[in-house]
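One file, target05.tsv, carrying TSV, C-alpha atoms:
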```tsv
chain	number	residue	atom	x	y	z
Y	168	MET	CA	71.75	183.93	90.80
Y	169	ALA	CA	69.16	183.15	88.14
Y	170	CYS	CA	66.87	185.90	89.47
Y	171	ARG	CA	69.74	188.37	89.40
Y	172	GLN	CA	70.55	187.51	85.77
Y	173	LEU	CA	66.88	187.85	84.83
Y	174	LEU	CA	66.67	191.32	86.41
Y	175	LEU	CA	69.83	192.43	84.60
Y	176	LEU	CA	68.41	191.17	81.30
Y	177	LEU	CA	65.14	193.06	81.84
Y	178	ALA	CA	67.02	196.26	82.73
Y	179	ALA	CA	69.18	195.97	79.61
Y	180	THR	CA	66.12	195.39	77.44
Y	181	HIS	CA	64.38	198.46	78.90
Y	182	ALA	CA	67.45	200.63	78.35
Y	183	ALA	CA	67.79	199.45	74.75
Y	184	SER	CA	64.14	200.18	73.99
Y	185	ALA	CA	64.49	203.69	75.43
Y	186	LEU	CA	67.35	204.41	73.02
Y	187	ARG	CA	65.53	203.30	69.87
Y	188	PRO	CA	64.78	206.04	67.31
Y	189	GLY	CA	61.28	207.40	67.74
Y	190	SER	CA	60.98	206.19	71.31
Y	191	ALA	CA	59.04	208.43	73.69
Y	192	THR	CA	60.86	211.13	75.63
Y	193	PRO	CA	61.44	209.98	79.21
Y	194	LYS	CA	59.06	211.48	81.71
Y	195	PRO	CA	60.37	213.66	84.56
Y	196	SER	CA	61.59	211.73	87.56
Y	197	VAL	CA	59.03	211.16	90.27
Y	198	MET	CA	59.12	209.88	93.80
Y	199	ARG	CA	56.32	207.48	94.67
Y	200	LEU	CA	55.05	207.77	98.22
Y	201	ARG	CA	53.09	204.68	99.27
Y	202	GLY	CA	50.37	205.01	101.88
Y	203	GLY	CA	48.31	201.89	102.39
Y	204	SER	CA	47.39	200.64	98.92
Y	205	ALA	CA	47.57	204.05	97.23
Y	206	VAL	CA	50.61	205.24	95.29
Y	207	THR	CA	51.01	209.00	94.84
Y	208	PRO	CA	53.47	210.23	92.18
Y	209	THR	CA	55.47	213.19	93.43
Y	210	LYS	CA	57.88	215.26	91.35
Y	211	LEU	CA	61.45	215.61	92.50
Y	212	PRO	CA	62.34	219.17	93.66
Y	213	ALA	CA	64.25	220.00	90.46
Y	214	ASP	CA	61.29	218.97	88.30
Y	215	THR	CA	58.89	220.85	90.56
Y	216	TYR	CA	60.95	224.00	90.12
Y	217	GLN	CA	60.85	223.62	86.34
Y	218	ALA	CA	57.06	223.22	86.50
Y	219	LEU	CA	56.86	226.48	88.49
Y	220	VAL	CA	59.00	228.20	85.86
Y	221	GLU	CA	56.61	227.00	83.13
Y	222	LYS	CA	53.59	228.23	85.09
Y	223	GLY	CA	55.26	231.57	85.77
Y	224	THR	CA	56.03	231.96	82.07
Y	225	SER	CA	52.41	231.18	81.20
Y	226	ASN	CA	51.04	233.69	83.73
Y	227	ALA	CA	53.40	236.45	82.61
Y	228	GLN	CA	52.66	235.97	78.91
Y	229	ALA	CA	48.90	235.42	79.18
Y	230	PRO	CA	46.66	237.80	77.19
Y	231	LEU	CA	45.90	240.91	79.24
Y	232	LEU	CA	42.14	240.43	79.66
Y	233	LYS	CA	42.51	236.74	80.51
Y	234	ALA	CA	45.21	237.50	83.06
Y	235	LEU	CA	43.07	240.25	84.58
Y	236	HIS	CA	40.04	237.95	84.80
Y	237	GLN	CA	42.12	235.15	86.37
Y	238	SER	CA	43.44	237.67	88.90
Y	239	PHE	CA	39.97	239.02	89.63
Y	240	MET	CA	38.80	235.48	90.35
Y	241	GLY	CA	41.92	234.93	92.46
Y	242	GLY	CA	40.90	237.86	94.64
Y	243	MET	CA	37.35	236.53	94.89
Y	244	PHE	CA	38.64	233.08	95.88
Y	245	VAL	CA	40.87	234.47	98.64
Y	246	ALA	CA	38.02	236.64	99.88
Y	247	ILE	CA	35.39	233.90	99.98
Y	248	GLY	CA	37.78	231.73	101.98
Y	249	GLY	CA	38.19	234.71	104.30
Y	250	VAL	CA	34.43	235.17	104.63
Y	251	PHE	CA	33.91	231.51	105.51
Y	252	SER	CA	36.66	231.58	108.12
Y	253	LEU	CA	35.36	234.82	109.68
Y	254	VAL	CA	31.79	233.54	109.87
Y	255	VAL	CA	32.86	230.38	111.69
Y	256	ALA	CA	35.46	231.98	113.98
Y	257	GLY	CA	33.20	234.96	114.68
Y	258	ALA	CA	30.53	232.58	115.97
Y	259	LEU	CA	32.99	231.28	118.58
Y	260	PRO	CA	33.98	234.37	120.61
Y	261	GLY	CA	34.20	232.39	123.83
Y	262	ILE	CA	37.24	230.39	122.70
Y	263	GLY	CA	39.50	233.48	122.75
Y	264	PRO	CA	41.45	235.26	119.99
Y	265	ASP	CA	44.24	232.68	119.71
Y	266	LEU	CA	41.89	229.78	119.10
Y	267	GLN	CA	39.79	231.95	116.80
Y	268	ARG	CA	42.92	232.51	114.71
Y	269	PHE	CA	43.50	228.75	114.71
Y	270	VAL	CA	39.99	228.20	113.36
Y	271	ILE	CA	40.59	230.81	110.65
Y	272	GLY	CA	43.86	229.08	109.79
Y	273	LEU	CA	42.13	225.74	109.29
Y	274	ILE	CA	39.51	227.20	106.94
Y	275	PHE	CA	41.33	229.98	105.06
Y	276	PRO	CA	43.40	227.64	102.79
Y	277	ILE	CA	40.23	226.91	100.81
Y	278	GLY	CA	40.85	230.13	98.88
Y	279	LEU	CA	44.30	229.06	97.68
Y	280	ILE	CA	42.96	225.62	96.76
Y	281	PHE	CA	40.34	227.32	94.57
Y	282	ILE	CA	43.04	229.44	92.93
Y	283	LEU	CA	45.27	226.49	92.07
Y	284	MET	CA	42.43	224.24	90.94
Y	285	ALA	CA	40.32	226.81	89.06
Y	286	ALA	CA	43.03	228.73	87.16
Y	287	GLY	CA	43.12	231.86	89.30
Y	288	GLN	CA	46.13	234.14	89.64
Y	289	LEU	CA	47.47	235.51	92.91
Y	290	MET	CA	49.86	238.45	93.07
Y	291	THR	CA	51.87	236.85	95.86
Y	292	GLY	CA	52.05	233.60	93.91
Y	293	ASN	CA	53.31	235.50	90.87
Y	294	PHE	CA	55.99	237.04	93.07
Y	295	ALA	CA	57.46	233.53	93.27
Y	296	ILE	CA	56.65	231.77	90.02
Y	297	CYS	CA	57.02	234.70	87.61
Y	298	THR	CA	60.25	235.75	89.30
Y	299	ALA	CA	61.48	232.17	88.85
Y	300	ALA	CA	60.68	232.41	85.13
Y	301	TRP	CA	62.58	235.72	85.02
Y	302	TYR	CA	65.62	234.20	86.73
Y	303	GLU	CA	65.68	231.49	84.06
Y	304	GLY	CA	65.44	234.01	81.20
Y	305	ARG	CA	61.99	232.86	80.12
Y	306	ILE	CA	60.35	236.28	80.45
Y	307	THR	CA	61.51	239.88	80.18
Y	308	THR	CA	61.62	242.41	83.00
Y	309	LEU	CA	58.66	244.21	81.43
Y	310	GLU	CA	56.64	240.98	81.37
Y	311	LEU	CA	57.57	240.36	85.01
Y	312	LEU	CA	56.38	243.79	86.12
Y	313	ARG	CA	53.23	243.45	84.01
Y	314	ALA	CA	52.45	240.13	85.72
Y	315	PHE	CA	52.80	241.76	89.14
Y	316	ALA	CA	50.69	244.79	88.20
Y	317	VAL	CA	47.87	242.90	86.48
Y	318	ALA	CA	47.61	240.34	89.28
Y	319	GLY	CA	47.66	243.09	91.90
Y	320	LEU	CA	44.93	245.05	90.14
Y	321	GLY	CA	42.76	242.00	89.52
Y	322	ASN	CA	43.17	240.71	93.08
Y	323	THR	CA	42.25	244.14	94.46
Y	324	LEU	CA	39.13	244.33	92.30
Y	325	GLY	CA	38.11	240.81	93.34
Y	326	CYS	CA	38.66	241.46	97.05
Y	327	THR	CA	36.86	244.81	96.88
Y	328	THR	CA	33.90	243.27	95.07
Y	329	MET	CA	33.58	240.55	97.70
Y	330	SER	CA	33.85	243.11	100.53
Y	331	LEU	CA	30.96	245.11	99.06
Y	332	LEU	CA	28.90	241.97	98.49
Y	333	VAL	CA	29.44	240.90	102.11
Y	334	LYS	CA	28.40	244.35	103.30
Y	335	GLU	CA	25.27	244.49	101.14
Y	336	ALA	CA	24.32	240.93	102.08
Y	337	GLY	CA	24.10	242.01	105.72
Y	338	LEU	CA	26.79	239.62	106.91
Y	339	LEU	CA	28.81	242.26	108.77
Y	340	LYS	CA	27.16	241.87	112.14
Y	341	GLY	CA	27.58	240.15	115.47
Y	342	GLY	CA	30.70	238.15	116.15
Y	343	MET	CA	31.96	238.37	112.58
Y	344	ALA	CA	31.88	242.18	112.63
Y	345	ASP	CA	33.59	242.33	116.03
Y	346	LEU	CA	36.31	239.94	114.91
Y	347	ILE	CA	37.14	241.70	111.64
Y	348	LYS	CA	37.16	245.14	113.31
Y	349	ALA	CA	39.60	243.98	115.97
Y	350	THR	CA	41.77	242.25	113.36
Y	351	ALA	CA	41.93	245.30	111.10
Y	352	VAL	CA	42.84	247.68	113.92
Y	353	LYS	CA	45.54	245.34	115.22
Y	354	LYS	CA	47.14	244.89	111.80
Y	355	CYS	CA	47.23	248.63	111.15
Y	356	SER	CA	48.68	249.39	114.60
Y	357	SER	CA	51.79	247.23	114.32
Y	358	ALA	CA	55.22	248.82	113.83
Y	359	LEU	CA	56.55	248.69	110.26
Y	360	LEU	CA	59.61	246.50	110.86
Y	361	PRO	CA	57.72	243.62	112.54
Y	362	THR	CA	55.04	243.92	109.86
Y	363	PHE	CA	57.69	243.70	107.13
Y	364	ILE	CA	59.35	240.64	108.68
Y	365	LYS	CA	55.97	238.94	109.08
Y	366	ALA	CA	55.27	239.63	105.40
Y	367	VAL	CA	58.58	238.11	104.28
Y	368	LEU	CA	57.96	234.95	106.28
Y	369	CYS	CA	54.35	234.79	105.16
Y	370	ASN	CA	54.97	234.66	101.44
Y	371	TRP	CA	57.87	232.30	101.89
Y	372	LEU	CA	55.31	229.89	103.40
Y	373	VAL	CA	52.64	230.65	100.79
Y	374	SER	CA	55.15	230.12	97.98
Y	375	LEU	CA	56.29	226.91	99.65
Y	376	ALA	CA	52.65	225.78	99.68
Y	377	ILE	CA	52.49	226.41	95.92
Y	378	PHE	CA	55.77	224.50	95.47
Y	379	LEU	CA	54.50	221.50	97.46
Y	380	ALA	CA	51.15	221.52	95.65
Y	381	THR	CA	52.94	221.60	92.29
Y	382	ALA	CA	55.08	218.62	93.31
Y	383	SER	CA	52.01	216.40	93.61
Y	384	ALA	CA	50.20	214.96	90.59
Y	385	ASP	CA	46.86	214.36	92.31
Y	386	MET	CA	44.35	216.54	94.11
Y	387	PRO	CA	44.73	215.05	97.63
Y	388	GLY	CA	48.48	215.65	97.45
Y	389	LYS	CA	48.00	219.22	96.27
Y	390	ILE	CA	45.51	219.93	99.05
Y	391	LEU	CA	47.86	218.44	101.64
Y	392	GLY	CA	50.71	220.61	100.33
Y	393	ILE	CA	48.58	223.73	100.75
Y	394	TRP	CA	47.18	222.76	104.14
Y	395	SER	CA	50.63	222.05	105.51
Y	396	CYS	CA	51.69	225.71	105.10
Y	397	ILE	CA	48.75	228.12	105.03
Y	398	PRO	CA	47.35	227.42	108.55
Y	399	MET	CA	50.88	227.93	109.82
Y	400	PHE	CA	51.11	231.53	108.59
Y	401	VAL	CA	47.61	232.38	109.79
Y	402	CYS	CA	48.10	230.92	113.27
Y	403	ILE	CA	51.51	232.57	113.70
Y	404	GLY	CA	49.96	235.90	112.72
Y	405	LEU	CA	51.97	236.64	109.57
Y	406	GLU	CA	51.00	239.20	106.94
Y	407	HIS	CA	49.65	238.46	103.45
Y	408	SER	CA	49.01	241.44	101.19
Y	409	VAL	CA	46.09	240.05	99.16
Y	410	ALA	CA	44.34	238.71	102.26
Y	411	ASN	CA	44.82	242.11	103.90
Y	412	ILE	CA	43.41	243.87	100.82
Y	413	PHE	CA	40.22	242.01	101.69
Y	414	PHE	CA	40.31	241.96	105.50
Y	415	LEU	CA	41.33	245.57	106.21
Y	416	PRO	CA	38.74	247.40	104.06
Y	417	LEU	CA	36.16	244.92	105.32
Y	418	GLY	CA	37.10	245.95	108.86
Y	419	LYS	CA	36.54	249.57	107.90
Y	420	LEU	CA	33.15	248.70	106.41
Y	421	ALA	CA	32.32	246.93	109.69
Y	422	GLY	CA	33.02	250.13	111.63
Y	423	ALA	CA	36.75	250.14	112.42
Y	424	GLU	CA	38.08	253.71	112.70
Y	425	LEU	CA	40.66	253.43	109.93
Y	426	SER	CA	41.21	255.58	106.88
Y	427	PHE	CA	42.10	254.00	103.56
Y	428	PHE	CA	45.31	256.05	103.65
Y	429	LYS	CA	46.28	254.45	106.97
Y	430	ILE	CA	45.40	250.99	105.67
Y	431	LEU	CA	47.65	251.57	102.67
Y	432	THR	CA	50.62	253.19	104.41
Y	433	SER	CA	50.66	251.24	107.68
Y	434	ASN	CA	50.12	247.81	106.17
Y	435	ILE	CA	49.44	247.10	102.49
Y	436	LEU	CA	52.52	248.73	100.95
Y	437	ILE	CA	55.07	247.34	103.42
Y	438	VAL	CA	53.42	243.91	103.39
Y	439	THR	CA	53.49	243.81	99.58
Y	440	LEU	CA	57.22	244.56	99.61
Y	441	GLY	CA	57.87	241.89	102.23
Y	442	ASN	CA	55.79	239.36	100.29
Y	443	LEU	CA	57.86	240.10	97.16
Y	444	ILE	CA	61.09	239.35	99.01
Y	445	GLY	CA	59.68	236.22	100.64
Y	446	GLY	CA	58.36	234.76	97.41
Y	447	GLY	CA	60.67	236.13	94.75
Y	448	GLY	CA	63.85	236.34	96.80
Y	449	ILE	CA	63.83	233.52	99.34
Y	450	LEU	CA	61.70	230.82	97.67
Y	451	ALA	CA	62.25	231.45	93.96
Y	452	GLY	CA	65.81	232.69	94.42
Y	453	GLY	CA	66.74	229.73	96.58
Y	454	MET	CA	65.25	227.21	94.17
Y	455	SER	CA	66.94	228.87	91.20
Y	456	PHE	CA	70.26	228.68	93.06
Y	457	GLN	CA	69.72	224.97	93.69
Y	458	PHE	CA	68.23	223.92	90.36
Y	459	GLY	CA	68.47	226.81	87.90
Y	460	ALA	CA	70.36	229.76	86.51
Y	461	LEU	CA	71.37	231.43	89.78
Y	462	GLY	CA	73.41	228.39	90.76
Y	463	LYS	CA	75.44	228.27	87.55
```

Go ahead and render the structure in this file as structure tokens.
Amino acid sequence: MACRQLLLLLAATHAASALRPGSATPKPSVMRLRGGSAVTPTKLPADTYQALVEKGTSNAQAPLLKALHQSFMGGMFVAIGGVFSLVVAGALPGIGPDLQRFVIGLIFPIGLIFILMAAGQLMTGNFAICTAAWYEGRITTLELLRAFAVAGLGNTLGCTTMSLLVKEAGLLKGGMADLIKATAVKKCSSALLPTFIKAVLCNWLVSLAIFLATASADMPGKILGIWSCIPMFVCIGLEHSVANIFFLPLGKLAGAELSFFKILTSNILIVTLGNLIGGGGILAGGMSFQFGALGK
């Protein structure tokens, strides 16, 4: 009984101090997940969504040249993760295409980790977070479209630059060249409807990875959030527009018989549309319905 009274007294004292004039604003609610002796603060879903809205607002309203540079670096980050995964998987042709894709899936998330940790912008990420900011009335339609366009241009320039660097460095040979040629041809030979559905599912997972990474306050938690989703989309064989902007032209540079027109019309355009729906419609729309303006 005495312990119970003491706890009630402490709780009342804490509540009174929180209500004093000039007291600090309460911090957002967090869940604390204990593993061994470590305690990792994790935002609740509603607070995570609000953090995404803030980030989307920041990306959409960033100065043009800064946004373009962040997007260029975002493309470079995705591409260098792709190069690393292709080099490793291409050196293992004997394991078969399915296990090669698994190897790529384990390595490829490095690019998204770089983007989140080093202030890059990703068009497919903006599809989710900037659309969330738009749902909440934080940015205008013009700012939303500008965020998409600038990120898309910067990502394309970054991916193209890395493709040319890989070519000039003499890396497009052997197992890596064979793997990227086969991958590019396969992606550009798929029917449009399956490609579209794969794109929707892909950016739902990528946006979920961003959501989970945002929920964590420390780097291990952010990395775990990313690595829980990105290998999934790669191993399943889903379609990501920015990754394809790197992989498909690289396949052409490696010798795949594909025109840039075919790359654009048979894959990039339809995948970009599907990614927009997956990120902006399913993930951002669903979270806004649960925690924001769309649910009011």

Handout entry: Residues within 10 Å of Asp385 of chain Y, all atoms listed in the file, excluding chain neighbours under 4 positions, as a PyMOL selection string
Key = chain Y and resi 207-209+380-381+389-390

Fill in the blank from the handout: For Leu375 of chain Y, the closest of Y:Leu417, Y:Leu309, Y:Leu436, Y:Met454 counting all atoms listed in the file is Y:Met454

Exercise for the section: Enter the distance from atom CA of Gly422 of chain Y to atom CA of Cys326 of chain Y, in Å, rounded to one decimal. Expected result: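 Atom CA of Gly422 of chain Y sits 17.9 Å away from atom CA of Cys326 of chain Y.
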
Could you build a table of the residues in segment 279-383 of chain Y lying no more than 9 Å from segment 423-430 of chain Y, giving for each the nearest pair of atoms and their separation in Å rounded to one decimal place, using only C-alpha atoms, ordered by chain and ascending residue number, as a Markdown table?
```
| residue | atom | partner | partner_atom | distance |
| --- | --- | --- | --- | --- |
| Y:Ile347 | CA | Y:Ala423 | CA | 8.5 |
| Y:Lys348 | CA | Y:Ala423 | CA | 5.1 |
| Y:Ala349 | CA | Y:Ala423 | CA | 7.7 |
| Y:Ala351 | CA | Y:Ala423 | CA | 7.2 |
| Y:Val352 | CA | Y:Ala423 | CA | 6.7 |
| Y:Lys354 | CA | Y:Ile430 | CA | 8.8 |
| Y:Cys355 | CA | Y:Ile430 | CA | 6.2 |
```

Problem - Computed interatomic separation between atom CA of Ala451 of chain Y and atom CA of Leu372 of chain Y (Å) - result: 11.8 Å

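The residue that comes closest to Arg313 of chain Y, out of Y:Leu359, Y:Val333, Y:Ala229, Y:Leu339 and on the basis of only C-alpha atoms, is Y:Ala229.
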
Practice task
Quote the spacing between atom CA of Thr215 of chain Y and atom CA of Cys369 of chain Y in Å to one decimal place.
Solution key: 20.7 Å

Selection near segment 299-308 of chain Y, 8 Å with all atoms listed in the file, sequence-local residues under 6 positions removed, as a compact mmCIF listing (two decimals) with C-alpha atoms, in the coordinates of the input:
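Saved result, around.txt, follows:
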```
# COMPACT_ATOMS: atom_id res chain seq x y z
CA LEU Y 219 56.86 226.48 88.49
CA VAL Y 220 59.00 228.20 85.86
CA GLU Y 221 56.61 227.00 83.13
CA GLY Y 223 55.26 231.57 85.77
CA THR Y 224 56.03 231.96 82.07
CA ALA Y 227 53.40 236.45 82.61
CA GLN Y 228 52.66 235.97 78.91
CA GLY Y 447 60.67 236.13 94.75
CA ALA Y 451 62.25 231.45 93.96
CA GLY Y 452 65.81 232.69 94.42
CA SER Y 455 66.94 228.87 91.20
CA GLY Y 459 68.47 226.81 87.90
CA ALA Y 460 70.36 229.76 86.51
CA LEU Y 461 71.37 231.43 89.78
```

Edge lengths and centre, in Å to one decimal, as AutoDock Vina command-line options: that's what I need for the box along x, y and z that holds all listed atoms of segment 359-363 of chain Y plus 3 Å on each side.
```
--center_x 57.3 --center_y 246.2 --center_z 109.8 --size_x 10.6 --size_y 11.1 --size_z 11.4
```
